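Participant: Below you'll find the structure I mean.
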Amino acid sequence: MVLSIYNHKGGTGKTTTTINLGRVLKDIGYDVLLVDLDPQANMTYSLGIQKTDVDAVNLSEDNIILTEEGLNILPNYTSPQFLVDYEFLSPTSLRDELATCFSGYDFVLIDCPPAMNNTVVNALLASDAVLLPVLLDVLSLEALNQVNSAMTLLLEDNNHKFDFTCVLPVMVDSRRLLTTEIKKVIMNSFNVYIFENHIRMNVKTAEAPSHGKSVLAYSPSSNGSFDYKRVAEEFLSCISNL
Ligand SMILES: Nc1ncnc2c1ncn2[C@@H]1O[C@H](COP(=O)(O)OP(=O)(O)OP(=O)(O)O)[C@@H](O)[C@H]1O
Ligand SMILES: [Mg+2]
């Protein structure tokens with residue numbers, strides 16, 4: 001399965017979710033590839049990969065790096081040399097490349113940039129499923145509205161459909177009453193699956209990238225590790241019913 005982790009709003013936990021969901025799926029025993037499609041290269045950096053570790057610019061099997069904690073990642077570059085600049089390629093370039101070079105993985109998780117551009121179009125059209133991490137606040141609800149409309153049009157125009165579209169509440173502070181209300185609005189307004197489990201606000205989760213690790217490696221007993229394990233179980237249970 002190719003899964004895009006996407007939201008055009010910035011700072012919604014896309015990179016954090018890609019790393020930690022990927023790590024749990026790997027621990028369960030799946031073959032997982034993480035693809036850093038964001039020119040900000042946050043995932044590459046967050047897994048402890050320095051620019052100098054990477055010596056080629058094409059999306060190819062040769063460029064996969066195995067991190068210290070055993071995650072396979074196709075890294076991105078920090079500017080000015082990106083992994084591949086999808087802005088200049090056809091909308092289905094990534095789909096074609098994943099099908100030919102990377103079909104051996106159980107899960108390919110794509111960390112998307114916070115945008116709606118040709119790079120994201122490439123990711124979405126290569127994907128069987130999309131996971132939208134959202135903060136449960138009013139502005140995020142508006143962003144979800146926009147992203148849902150844009151994705152619907154994109155899928156229609158390209159005759160593509162997802163097997164599974166899901167929304168994952170992240171950085172949740174359950175003391176805020178509004179969060180429950182917003183979850184209800186999402187459930188009632190969008191034709192998407194909203195996770196019953198969520199990711200709590202957690203200091204260890206925020207600290208892990210500066211140590212070049214997932215939160216599961218950095219702090220195995222943290223709430224962050226616990227939450228991503230529960231979410232991964234729920235995710236697997238959902239897709240087993242597809
Ligand atoms: N559960 C959490 N608890 C606390 N901090 C978190 C949590 N999840 C993510 N963060 C922090 O929030 C910030 C944004 O997260 P992240 O980089 O994953 O978002 P993003 O959607 O990938 O951002 P961008 O849109 O820039 O790519 C980071 O500093 C990250 O460490
Ligand atoms: Mg990111």
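Here, A, B, ... name the chains of the structure tokens in the order displayed, residue numbers run from 1 inside each chain, and ligands are numbered from 1 in the same displayed order.
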Within 10 Å of Asp163 (chain A), counting only C-alpha atoms, which residues show up once you throw out same-chain ones fewer than 2 positions away? Write them as a ChimeraX atom specification, please.
Facilitator: /A:1,127-130,160-161,165,239,242
Participant: Quick one: residues within 12 Å of Pro220 (chain A), only C-alpha atoms, excluding same-chain residues fewer than 4 positions away - as a list in words?
Facilitator: Asn20, Arg23, Val24, Lys204, Thr205, Ala208, Lys213, Ser214, Val215, Leu216, Gly224, Ser225, Phe226, Asp227, Tyr228 and Lys229 of chain A
Participant: Keeping only C-alpha atoms, write the selected residues to a file as a short mmCIF file (atom, residue, chain, number, x, y, z; two decimals), in the first residue's frame.
Facilitator:
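File written: out_34.cif
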data_model
loop_
_atom_site.label_atom_id
_atom_site.label_comp_id
_atom_site.auth_asym_id
_atom_site.auth_seq_id
_atom_site.Cartn_x
_atom_site.Cartn_y
_atom_site.Cartn_z
CA ASN A 20 6.31 7.11 13.87
CA ARG A 23 8.41 2.81 12.80
CA VAL A 24 5.47 0.94 14.38
CA LYS A 204 9.09 13.48 23.94
CA THR A 205 7.44 13.39 20.51
CA ALA A 208 12.73 13.09 19.17
CA LYS A 213 15.05 9.30 15.96
CA SER A 214 11.40 8.31 16.03
CA VAL A 215 9.75 8.79 19.41
CA LEU A 216 9.59 5.00 19.69
CA GLY A 224 3.87 9.46 22.03
CA SER A 225 5.05 5.88 21.53
CA PHE A 226 1.89 4.52 23.10
CA ASP A 227 -0.38 6.67 20.93
CA TYR A 228 1.33 5.85 17.64
CA LYS A 229 1.14 2.13 18.46
#
Participant: Could you tell me, counting only C-alpha atoms and all ligand atoms, which protein and nucleic acid residues lie no more than 6 Å from ligand 1, written as a ChimeraX atom specification?
Facilitator: /A:10-16,113-114,170-171,199-203,205-206
Participant: Can I get the selected residues back with N, CA and C atoms, as a compact mmCIF listing (two decimals), in the first residue's frame?
Facilitator:
# COMPACT_ATOMS: atom_id res chain seq x y z
N GLY A 10 0.37 23.83 7.08
CA GLY A 10 1.68 23.52 7.64
C GLY A 10 1.62 23.16 9.11
N GLY A 11 2.60 22.38 9.54
CA GLY A 11 2.76 22.11 10.97
C GLY A 11 1.67 21.27 11.60
N THR A 12 1.10 20.34 10.84
CA THR A 12 0.00 19.54 11.38
C THR A 12 0.44 18.12 11.76
N GLY A 13 1.74 17.90 11.86
CA GLY A 13 2.20 16.58 12.30
C GLY A 13 2.36 15.55 11.19
N LYS A 14 2.49 16.02 9.94
CA LYS A 14 2.66 15.07 8.81
C LYS A 14 3.97 14.28 8.97
N THR A 15 5.06 15.01 9.14
CA THR A 15 6.36 14.36 9.22
C THR A 15 6.45 13.45 10.44
N THR A 16 5.97 13.95 11.56
CA THR A 16 5.99 13.18 12.81
C THR A 16 5.20 11.89 12.65
N PRO A 113 4.74 17.69 1.28
CA PRO A 113 4.94 19.07 1.71
C PRO A 113 3.59 19.75 1.98
N PRO A 114 3.60 20.84 2.74
CA PRO A 114 2.34 21.56 3.00
C PRO A 114 1.99 22.47 1.83
N VAL A 170 -4.21 15.02 15.86
CA VAL A 170 -2.87 15.02 16.46
C VAL A 170 -2.71 16.22 17.41
N MET A 171 -1.67 16.12 18.23
CA MET A 171 -1.36 17.17 19.21
C MET A 171 -2.61 17.54 20.01
N ILE A 199 -3.47 11.24 18.70
CA ILE A 199 -2.10 11.47 19.18
C ILE A 199 -2.13 12.67 20.13
N ARG A 200 -1.72 12.42 21.35
CA ARG A 200 -1.72 13.51 22.33
C ARG A 200 -0.51 14.44 22.13
N MET A 201 -0.66 15.64 22.61
CA MET A 201 0.47 16.55 22.72
C MET A 201 1.49 15.89 23.65
N ASN A 202 2.75 15.83 23.23
CA ASN A 202 3.73 15.09 24.03
C ASN A 202 5.12 15.65 23.81
N VAL A 203 5.78 15.99 24.90
CA VAL A 203 7.10 16.62 24.81
C VAL A 203 8.13 15.70 24.17
N THR A 205 7.68 13.45 21.96
CA THR A 205 7.44 13.39 20.51
C THR A 205 8.07 14.60 19.84
N ALA A 206 7.96 15.75 20.48
CA ALA A 206 8.55 16.97 19.92
C ALA A 206 10.08 16.95 19.99
Participant: Could you produce a table of the residues of chain A lying within 12 Å of ligand 2, with the nearest pair of atoms per residue and their separation in Å rounded to one decimal, using only C-alpha atoms and all ligand atoms, ordered by chain and increasing residue number, as a Markdown table?
Facilitator:
| residue | atom | partner | partner_atom_place_in_ligand_line | distance |
| --- | --- | --- | --- | --- |
| A:Ser4 | CA | ligand 2 | 1 (Mg) | 12.0 |
| A:Ile5 | CA | ligand 2 | 1 (Mg) | 9.3 |
| A:Tyr6 | CA | ligand 2 | 1 (Mg) | 8.9 |
| A:Asn7 | CA | ligand 2 | 1 (Mg) | 9.5 |
| A:His8 | CA | ligand 2 | 1 (Mg) | 10.3 |
| A:Lys9 | CA | ligand 2 | 1 (Mg) | 10.0 |
| A:Gly10 | CA | ligand 2 | 1 (Mg) | 7.4 |
| A:Gly11 | CA | ligand 2 | 1 (Mg) | 6.7 |
| A:Thr12 | CA | ligand 2 | 1 (Mg) | 7.9 |
| A:Gly13 | CA | ligand 2 | 1 (Mg) | 6.8 |
| A:Lys14 | CA | ligand 2 | 1 (Mg) | 5.2 |
| A:Thr15 | CA | ligand 2 | 1 (Mg) | 4.1 |
| A:Thr16 | CA | ligand 2 | 1 (Mg) | 7.3 |
| A:Thr17 | CA | ligand 2 | 1 (Mg) | 9.1 |
| A:Thr18 | CA | ligand 2 | 1 (Mg) | 8.9 |
| A:Ile19 | CA | ligand 2 | 1 (Mg) | 10.2 |
| A:Val35 | CA | ligand 2 | 1 (Mg) | 11.6 |
| A:Asp36 | CA | ligand 2 | 1 (Mg) | 8.8 |
| A:Leu37 | CA | ligand 2 | 1 (Mg) | 9.2 |
| A:Asp38 | CA | ligand 2 | 1 (Mg) | 6.8 |
| A:Pro39 | CA | ligand 2 | 1 (Mg) | 9.3 |
| A:Gln40 | CA | ligand 2 | 1 (Mg) | 7.4 |
| A:Ala41 | CA | ligand 2 | 1 (Mg) | 7.7 |
| A:Asn42 | CA | ligand 2 | 1 (Mg) | 5.7 |
| A:Met43 | CA | ligand 2 | 1 (Mg) | 6.7 |
| A:Thr44 | CA | ligand 2 | 1 (Mg) | 10.0 |
| A:Tyr45 | CA | ligand 2 | 1 (Mg) | 10.6 |
| A:Ser46 | CA | ligand 2 | 1 (Mg) | 9.9 |
| A:Asn76 | CA | ligand 2 | 1 (Mg) | 11.7 |
| A:Ile110 | CA | ligand 2 | 1 (Mg) | 10.4 |
| A:Asp111 | CA | ligand 2 | 1 (Mg) | 6.6 |
| A:Cys112 | CA | ligand 2 | 1 (Mg) | 6.8 |
| A:Pro113 | CA | ligand 2 | 1 (Mg) | 6.0 |
| A:Pro114 | CA | ligand 2 | 1 (Mg) | 7.1 |
| A:Ala115 | CA | ligand 2 | 1 (Mg) | 10.6 |
| A:Pro133 | CA | ligand 2 | 1 (Mg) | 10.8 |
| A:Pro209 | CA | ligand 2 | 1 (Mg) | 11.5 |
Participant: The selected residues should be written to file as an mmCIF file, in the first residue's frame (atoms: N, CA and C atoms).
Facilitator:
data_model
loop_
_atom_site.group_PDB
_atom_site.id
_atom_site.type_symbol
_atom_site.label_atom_id
_atom_site.label_comp_id
_atom_site.auth_asym_id
_atom_site.auth_seq_id
_atom_site.Cartn_x
_atom_site.Cartn_y
_atom_site.Cartn_z
ATOM 1 N N SER A 4 -0.130 8.347 1.376
ATOM 2 C CA SER A 4 0.361 9.726 1.516
ATOM 3 C C SER A 4 -0.090 10.287 2.841
ATOM 4 N N ILE A 5 0.826 10.931 3.533
ATOM 5 C CA ILE A 5 0.472 11.645 4.762
ATOM 6 C C ILE A 5 0.472 13.109 4.372
ATOM 7 N N TYR A 6 -0.718 13.680 4.366
ATOM 8 C CA TYR A 6 -0.865 14.973 3.697
ATOM 9 C C TYR A 6 -1.840 15.907 4.411
ATOM 10 N N ASN A 7 -1.513 17.164 4.363
ATOM 11 C CA ASN A 7 -2.435 18.249 4.695
ATOM 12 C C ASN A 7 -1.785 19.493 4.105
ATOM 13 N N HIS A 8 -2.547 20.324 3.402
ATOM 14 C CA HIS A 8 -1.869 21.488 2.811
ATOM 15 C C HIS A 8 -1.558 22.547 3.870
ATOM 16 N N LYS A 9 -2.147 22.394 5.035
ATOM 17 C CA LYS A 9 -1.786 23.293 6.147
ATOM 18 C C LYS A 9 -0.440 22.862 6.719
ATOM 19 N N GLY A 10 0.368 23.832 7.080
ATOM 20 C CA GLY A 10 1.684 23.516 7.636
ATOM 21 C C GLY A 10 1.623 23.161 9.111
ATOM 22 N N GLY A 11 2.599 22.381 9.541
ATOM 23 C CA GLY A 11 2.762 22.105 10.971
ATOM 24 C C GLY A 11 1.667 21.272 11.600
ATOM 25 N N THR A 12 1.097 20.344 10.836
ATOM 26 C CA THR A 12 -0.002 19.536 11.379
ATOM 27 C C THR A 12 0.441 18.117 11.757
ATOM 28 N N GLY A 13 1.739 17.900 11.856
ATOM 29 C CA GLY A 13 2.198 16.581 12.298
ATOM 30 C C GLY A 13 2.363 15.551 11.187
ATOM 31 N N LYS A 14 2.487 16.018 9.936
ATOM 32 C CA LYS A 14 2.664 15.073 8.815
ATOM 33 C C LYS A 14 3.967 14.279 8.967
ATOM 34 N N THR A 15 5.059 15.014 9.135
ATOM 35 C CA THR A 15 6.363 14.363 9.215
ATOM 36 C C THR A 15 6.446 13.453 10.444
ATOM 37 N N THR A 16 5.974 13.955 11.564
ATOM 38 C CA THR A 16 5.992 13.180 12.807
ATOM 39 C C THR A 16 5.195 11.887 12.647
ATOM 40 N N THR A 17 4.062 11.998 11.986
ATOM 41 C CA THR A 17 3.202 10.816 11.806
ATOM 42 C C THR A 17 3.832 9.832 10.828
ATOM 43 N N THR A 18 4.444 10.333 9.770
ATOM 44 C CA THR A 18 5.079 9.427 8.794
ATOM 45 C C THR A 18 6.170 8.605 9.487
ATOM 46 N N ILE A 19 7.017 9.291 10.244
ATOM 47 C CA ILE A 19 8.129 8.600 10.911
ATOM 48 C C ILE A 19 7.608 7.562 11.906
ATOM 49 N N VAL A 35 9.235 7.890 2.221
ATOM 50 C CA VAL A 35 9.685 8.763 1.129
ATOM 51 C C VAL A 35 9.514 10.209 1.568
ATOM 52 N N ASP A 36 10.611 10.929 1.581
ATOM 53 C CA ASP A 36 10.564 12.350 1.957
ATOM 54 C C ASP A 36 10.348 13.175 0.694
ATOM 55 N N LEU A 37 9.100 13.585 0.483
ATOM 56 C CA LEU A 37 8.790 14.330 -0.740
ATOM 57 C C LEU A 37 8.738 15.841 -0.493
ATOM 58 N N ASP A 38 9.127 16.223 0.692
ATOM 59 C CA ASP A 38 9.049 17.636 1.046
ATOM 60 C C ASP A 38 10.417 18.297 0.882
ATOM 61 N N PRO A 39 10.518 19.329 0.032
ATOM 62 C CA PRO A 39 11.805 20.013 -0.145
ATOM 63 C C PRO A 39 12.377 20.592 1.158
ATOM 64 N N GLN A 40 11.542 20.759 2.170
ATOM 65 C CA GLN A 40 12.074 21.191 3.471
ATOM 66 C C GLN A 40 12.968 20.112 4.082
ATOM 67 N N ALA A 41 12.792 18.864 3.598
ATOM 68 C CA ALA A 41 13.608 17.718 4.045
ATOM 69 C C ALA A 41 13.565 17.496 5.556
ATOM 70 N N ASN A 42 12.440 17.793 6.154
ATOM 71 C CA ASN A 42 12.322 17.640 7.617
ATOM 72 C C ASN A 42 12.441 16.192 8.063
ATOM 73 N N MET A 43 11.860 15.277 7.290
ATOM 74 C CA MET A 43 11.912 13.872 7.708
ATOM 75 C C MET A 43 13.350 13.340 7.611
ATOM 76 N N THR A 44 14.026 13.728 6.546
ATOM 77 C CA THR A 44 15.419 13.313 6.362
ATOM 78 C C THR A 44 16.254 13.760 7.563
ATOM 79 N N TYR A 45 16.113 15.031 7.904
ATOM 80 C CA TYR A 45 16.859 15.585 9.036
ATOM 81 C C TYR A 45 16.434 14.908 10.346
ATOM 82 N N SER A 46 15.127 14.719 10.501
ATOM 83 C CA SER A 46 14.601 14.170 11.763
ATOM 84 C C SER A 46 15.047 12.734 12.003
ATOM 85 N N ASN A 76 15.348 13.335 1.193
ATOM 86 C CA ASN A 76 15.310 14.513 0.338
ATOM 87 C C ASN A 76 16.545 15.336 0.660
ATOM 88 N N ILE A 110 4.496 8.296 2.256
ATOM 89 C CA ILE A 110 5.032 9.513 1.641
ATOM 90 C C ILE A 110 4.742 10.715 2.522
ATOM 91 N N ASP A 111 5.805 11.365 2.960
ATOM 92 C CA ASP A 111 5.663 12.607 3.728
ATOM 93 C C ASP A 111 5.548 13.768 2.735
ATOM 94 N N CYS A 112 4.344 14.334 2.634
ATOM 95 C CA CYS A 112 4.092 15.384 1.637
ATOM 96 C C CYS A 112 4.427 16.771 2.186
ATOM 97 N N PRO A 113 4.739 17.685 1.277
ATOM 98 C CA PRO A 113 4.936 19.074 1.706
ATOM 99 C C PRO A 113 3.589 19.751 1.982
ATOM 100 N N PRO A 114 3.595 20.837 2.741
ATOM 101 C CA PRO A 114 2.343 21.559 3.004
ATOM 102 C C PRO A 114 1.993 22.470 1.830
ATOM 103 N N ALA A 115 1.436 21.890 0.797
ATOM 104 C CA ALA A 115 1.147 22.646 -0.420
ATOM 105 C C ALA A 115 0.100 21.888 -1.215
ATOM 106 N N PRO A 133 -3.317 14.250 8.925
ATOM 107 C CA PRO A 133 -3.221 14.617 10.334
ATOM 108 C C PRO A 133 -3.804 16.013 10.516
ATOM 109 N N PRO A 209 12.939 14.431 17.053
ATOM 110 C CA PRO A 209 13.675 14.798 15.837
ATOM 111 C C PRO A 209 15.062 15.381 16.109
#
Participant: Could you pull the residues within 8 Å of region 177-191 of chain A, counting only C-alpha atoms, minus those fewer than 2 positions along the same chain, as a PyMOL selection string?
Facilitator: chain A and resi 136-138+141+148+172-175+193-194
Participant: For Gly48 (chain A), which residue among A:Ser210, A:Ala217, A:Thr152, A:Ile64 is the nearest when counting only C-alpha atoms?
Facilitator: A:Ser210
Participant: Would you kindly return, as a PyMOL selection string, each protein, DNA or RNA residue with an atom no farther than 10 Å from any atom of Glu68 (chain A), considering only C-alpha atoms and excluding same-chain residues fewer than 2 positions away?
Facilitator: chain A and resi 47-49+65-66+70-72+212-213+217
Participant: Could you name the residues that touch Asn118 (chain A) at 10 Å or less, counting only C-alpha atoms, but leaving out those on the same chain fewer than 2 positions away, as a count of residues only?
Facilitator: 15
Participant: List the neighbours of Phe235 (chain A) out to 9 Å using only C-alpha atoms; skip same-chain residues closer than 5 positions along the sequence, and give me the result as a PyMOL selection string.
Facilitator: chain A and resi 166+195+230+240
Participant: Keeping N, CA and C atoms, export the residues of the selection given above as a short mmCIF file (atom, residue, chain, number, x, y, z; two decimals), in the first residue's frame.
Facilitator:
data_model
loop_
_atom_site.label_atom_id
_atom_site.label_comp_id
_atom_site.auth_asym_id
_atom_site.auth_seq_id
_atom_site.Cartn_x
_atom_site.Cartn_y
_atom_site.Cartn_z
N CYS A 166 -8.43 8.90 5.58
CA CYS A 166 -8.65 8.97 7.03
C CYS A 166 -8.06 10.25 7.62
N PHE A 195 -10.10 8.65 13.00
CA PHE A 195 -9.58 7.68 13.97
C PHE A 195 -10.27 7.84 15.32
N ARG A 230 -1.13 2.55 19.16
CA ARG A 230 -2.59 2.35 19.11
C ARG A 230 -3.16 2.78 17.76
N SER A 240 -7.59 -3.81 6.90
CA SER A 240 -7.84 -5.25 6.73
C SER A 240 -9.30 -5.51 6.32
#
